[in-house]
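Below is one structure; the comments refer to it alone.
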Protein chains: 2
Amino acid sequence: METTHREDRLSTTERRRKELLEAAERVVLRDGPGASMNAIAAEAGITKPILYRHFGDKGGLYRALAVRHTDALVDALRAALDAPTDRRERVEAALDTYLAAIEARPQVYRFLMHPAEDPGGDRGFDVGQHAAPLLRRLGEELATVVAERIELGPEGEERARVWGHGIVGMMHAAGDWWLRERPCPRERLVRHLADLLWGGLATAEDRADGPGL
Amino acid sequence: METTHREDRLSTTERRRKELLEAAERVVLRDGPGASMNAIAAEAGITKPILYRHFGDKGGLYRALAVRHTDALVDALRAALDAPTDRRERVEAALDTYLAAIEARPQVYRFLMHPAEDPGGDRGFDVGQHAAPLLRRLGEELATVVAERIELGPEGEERARVWGHGIVGMMHAAGDWWLRERPCPRERLVRHLADLLWGGLATAEDRADGPGL
DNA sequence: ATCCGATTGTTACTAGCGGTAACAGGAATA
DNA sequence: TATTCCTGTTACCGCTAGTAACAATCGGAT
């Protein structure tokens, strides 16, 4: 039958696709971001054109690889933000979730965060929501959560989006720095960041011995 | 005399270096990040090997180009943070300074922020403080300012660095998003970010119509 | 005047990248 | 059996960063 035939074919190509993605992930894990298409093809035991038939271009492979982890991370973050505890605890849980993820797989995280933008710049980029790099997607997700749950008055939508992207950027930059320097355990980083979000900068005292003000 | 001879030589090579940097800046302005060494050499009216004699590799040219703008931006930020006003106003002034800078020259800013990391990864990177990408340098600078001026109790050093990198990341991510979408005038973005730092997330009310909590 | 050394510049090349065209074999369908 | 589709290959293109080797030029020392 045509239907059965088609389904079989689809399933096999999808299985192949999954195998290729797993090979790609292994290479990225080993070589970090900037892993070459040649290396990925070799790891999968095939040659380049097959990769291009499956994913179009390197960006396509990147996107396919990205959605997997991004989806998982976004789910985990949403779960943390849905817990039935007070807001501070939920924020700390979300921060910890993110930091634990990047701590567990720094290579993958670097690959996702610094996707080495295309030199041409005139690419199609037809893929919709998922094409956006992880940071922007996280920012938008957090913005919707904030907008859904918190009353922000007039300009609330706008404020929620600024805050969403701002908080994600804070999380990212602090996590990036922390991963490189490892100056303290994760829980303390989480507490410092939550303190910052809780207005620590506004309420702290001036230093007596410091300059001017 | 030897001395005069040497000084002359230094001054001429330094003048050349400056010319080359200006040509590079023109190309980056025109072509965005990922401008090729060939294009830069052509713009300067010379060929590649000269560029490499002056700057070692592309990273060296990037660094040389980066310190100029970074120094200027850091100076402007320090000036904003040194104003004799209250803390909130100084923070808003700093945010506005940064956002005005990236608004005025988005191409340069993109080049500085997303330096297209070297594929090899095993480079020397002997250059010290200035080699660090702009974001990390800004984070460290802000950390020292915070540590100097604000009393943060025990773990104060650590907390200052976390906050420095976190705030810079927030500024960067929000600015990046804002540059792309332009959802509001700059002053409103500044206010939203300052509100976030002033504990807006902690003090806002839950939404009545929102889910659970 | 002449030679020397350092500096500026060139051409021509390597190795590797992303990406593609053209072709070779195998399995199902008519 | 002949057709068609899919999988896989080799061999290439144009581009990049980076380098080796050679030519020209200019200032100073003999």
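Every chain in the structure tokens takes a letter, A first, then B, and so on in the order presented; its residues are numbered from 1, and the ligands are numbered from 1 following the presented order.
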Q.
If the cut-off is 8 Å, can you tell me the residues of chain A near chain D, counting only C-alpha atoms (C1' of nucleotides)? I'd like them as a list in words.
A. Ile46, Thr47 and Ile50 of chain A
Closest atom pairs, residues of chain C within 9 Å of chain B, only C-alpha atoms (C1' of nucleotides), as a Markdown table:
| residue | atom | partner | partner_atom | distance |
| --- | --- | --- | --- | --- |
| C:DT8 | C1' | B:Ile50 | CA | 8.2 |
| C:DG9 | C1' | B:Ile50 | CA | 7.8 |
| C:DT10 | C1' | B:Thr47 | CA | 8.0 |
Can you list, as an MDAnalysis selection string, every protein, DNA or RNA residue that comes within 8 Å of range 139-151 of chain A when you count only C-alpha atoms (C1' of nucleotides), leaving out same-chain residues fewer than 5 positions away? (chainID A and resid 74 156:157 160:169) or (chainID B and resid 204:208 210:211 213)
Residues just named, written with N, CA and C atoms as an mmCIF file, in the first residue's frame:
data_model
loop_
_atom_site.group_PDB
_atom_site.id
_atom_site.type_symbol
_atom_site.label_atom_id
_atom_site.label_comp_id
_atom_site.auth_asym_id
_atom_site.auth_seq_id
_atom_site.Cartn_x
_atom_site.Cartn_y
_atom_site.Cartn_z
ATOM 1 N N VAL A 74 13.397 24.356 28.738
ATOM 2 C CA VAL A 74 12.215 25.180 28.955
ATOM 3 C C VAL A 74 11.190 24.430 29.812
ATOM 4 N N GLY A 156 2.385 46.859 31.136
ATOM 5 C CA GLY A 156 2.757 45.581 31.749
ATOM 6 C C GLY A 156 3.374 44.620 30.754
ATOM 7 N N GLU A 157 2.779 44.529 29.582
ATOM 8 C CA GLU A 157 3.324 43.640 28.554
ATOM 9 C C GLU A 157 4.780 43.988 28.255
ATOM 10 N N ALA A 160 7.078 43.243 31.079
ATOM 11 C CA ALA A 160 7.320 41.807 31.238
ATOM 12 C C ALA A 160 8.371 41.321 30.245
ATOM 13 N N ARG A 161 8.312 41.833 29.031
ATOM 14 C CA ARG A 161 9.287 41.370 28.044
ATOM 15 C C ARG A 161 10.684 41.892 28.376
ATOM 16 N N VAL A 162 10.762 43.157 28.754
ATOM 17 C CA VAL A 162 12.072 43.674 29.168
ATOM 18 C C VAL A 162 12.622 42.836 30.306
ATOM 19 N N TRP A 163 11.802 42.589 31.292
ATOM 20 C CA TRP A 163 12.264 41.816 32.440
ATOM 21 C C TRP A 163 12.647 40.394 32.028
ATOM 22 N N GLY A 164 11.837 39.783 31.188
ATOM 23 C CA GLY A 164 12.148 38.415 30.749
ATOM 24 C C GLY A 164 13.530 38.349 30.107
ATOM 25 N N HIS A 165 13.766 39.203 29.136
ATOM 26 C CA HIS A 165 15.072 39.182 28.466
ATOM 27 C C HIS A 165 16.185 39.621 29.420
ATOM 28 N N GLY A 166 15.894 40.581 30.249
ATOM 29 C CA GLY A 166 16.911 41.045 31.188
ATOM 30 C C GLY A 166 17.305 39.968 32.173
ATOM 31 N N ILE A 167 16.328 39.290 32.740
ATOM 32 C CA ILE A 167 16.647 38.258 33.725
ATOM 33 C C ILE A 167 17.401 37.111 33.077
ATOM 34 N N VAL A 168 16.954 36.714 31.893
ATOM 35 C CA VAL A 168 17.668 35.636 31.204
ATOM 36 C C VAL A 168 19.102 36.047 30.912
ATOM 37 N N GLY A 169 19.283 37.292 30.488
ATOM 38 C CA GLY A 169 20.644 37.760 30.225
ATOM 39 C C GLY A 169 21.482 37.768 31.489
ATOM 40 N N ALA B 204 6.027 43.329 43.153
ATOM 41 C CA ALA B 204 4.800 43.369 42.355
ATOM 42 C C ALA B 204 3.779 42.366 42.882
ATOM 43 N N GLU B 205 2.516 42.699 42.641
ATOM 44 C CA GLU B 205 1.430 41.822 43.111
ATOM 45 C C GLU B 205 1.226 40.661 42.139
ATOM 46 N N ASP B 206 0.660 39.574 42.676
ATOM 47 C CA ASP B 206 0.215 38.503 41.794
ATOM 48 C C ASP B 206 -0.975 38.987 40.986
ATOM 49 N N ARG B 207 -1.150 38.367 39.834
ATOM 50 C CA ARG B 207 -2.322 38.694 39.044
ATOM 51 C C ARG B 207 -3.532 37.973 39.597
ATOM 52 N N ALA B 208 -4.629 38.678 39.660
ATOM 53 C CA ALA B 208 -5.852 38.059 40.170
ATOM 54 C C ALA B 208 -6.353 36.988 39.210
ATOM 55 N N GLY B 210 -4.643 35.386 36.965
ATOM 56 C CA GLY B 210 -3.625 34.435 36.543
ATOM 57 C C GLY B 210 -3.854 33.061 37.134
ATOM 58 N N PRO B 211 -3.041 32.086 36.687
ATOM 59 C CA PRO B 211 -3.169 30.737 37.228
ATOM 60 C C PRO B 211 -2.631 30.692 38.646
ATOM 61 N N LEU B 213 -0.759 30.638 41.288
ATOM 62 C CA LEU B 213 -0.046 31.622 42.112
ATOM 63 C C LEU B 213 0.828 32.469 41.243
#
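Atom pair CA of Ala72 in chain A / CA of Arg15 in chain A: separated by 20.0 Å.
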Item to complete: Can you list, as number ranges by chain, all residues belonging to chain A that DSSP tags as strand (DSSP E or B)?
Response: A: 150-151, 205-206
Write to file, as a short mmCIF file (atom, residue, chain, number, x, y, z; two decimals), in the first residue's frame, the residues of the selection just made, with C-alpha atoms.
data_model
loop_
_atom_site.label_atom_id
_atom_site.label_comp_id
_atom_site.auth_asym_id
_atom_site.auth_seq_id
_atom_site.Cartn_x
_atom_site.Cartn_y
_atom_site.Cartn_z
CA ILE A 150 2.38 39.03 37.85
CA GLU A 151 0.40 42.23 37.84
CA GLU A 205 24.20 50.75 52.36
CA ASP A 206 26.95 52.93 51.00
#
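Relative to CA of Gly199 in chain B, CA of Gly200 in chain A is found at 7.4 Å.
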Inset, instruction - Write out as a PyMOL selection string all residues of range 46-188 of chain B that DSSP puts in alpha helix (DSSP H) for this structure's backbone. - result: chain B and resi 48-55+58-82+87-104+106-113+134-149+156-181+186-188
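You can rank A:Lys58, A:Arg78, A:Arg17, A:His192 by their closest distance to chain B using only C-alpha atoms, and at the top of that list sits A:His192.
Residues in contact with Asp195 in chain A at up to 12 Å, not including ones fewer than 4 positions away on its chain and judged by only C-alpha atoms (C1' of nucleotides), are A:Arg88, A:Glu89, A:Val91, A:Glu92, A:Leu95, A:Arg188, A:Leu189, A:Val190, A:Arg191, A:Gly199, A:Gly200, A:Leu201, A:Ala202, A:Thr203, A:Ala204, B:Leu152, B:Arg159, B:Ala160, B:Val162, B:Trp163, B:Gly166, B:Leu196, B:Leu197, B:Trp198, B:Gly199, B:Leu201, B:Ala202.
Picture a line from CA of Arg186 in chain B to CA of Gln107 in chain B; it runs 18.0 Å.
Minimum atom-to-atom distances from B:Ala42, B:Leu51, B:Leu81, B:Ala173 to Leu134 in chain A were compared using only C-alpha atoms, and the lowest value belongs to B:Ala173.
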Judged by only C-alpha atoms, the minimum distance to chain A among B:Asp96, B:Glu14, B:Glu158, B:Asp75 is found for B:Glu158
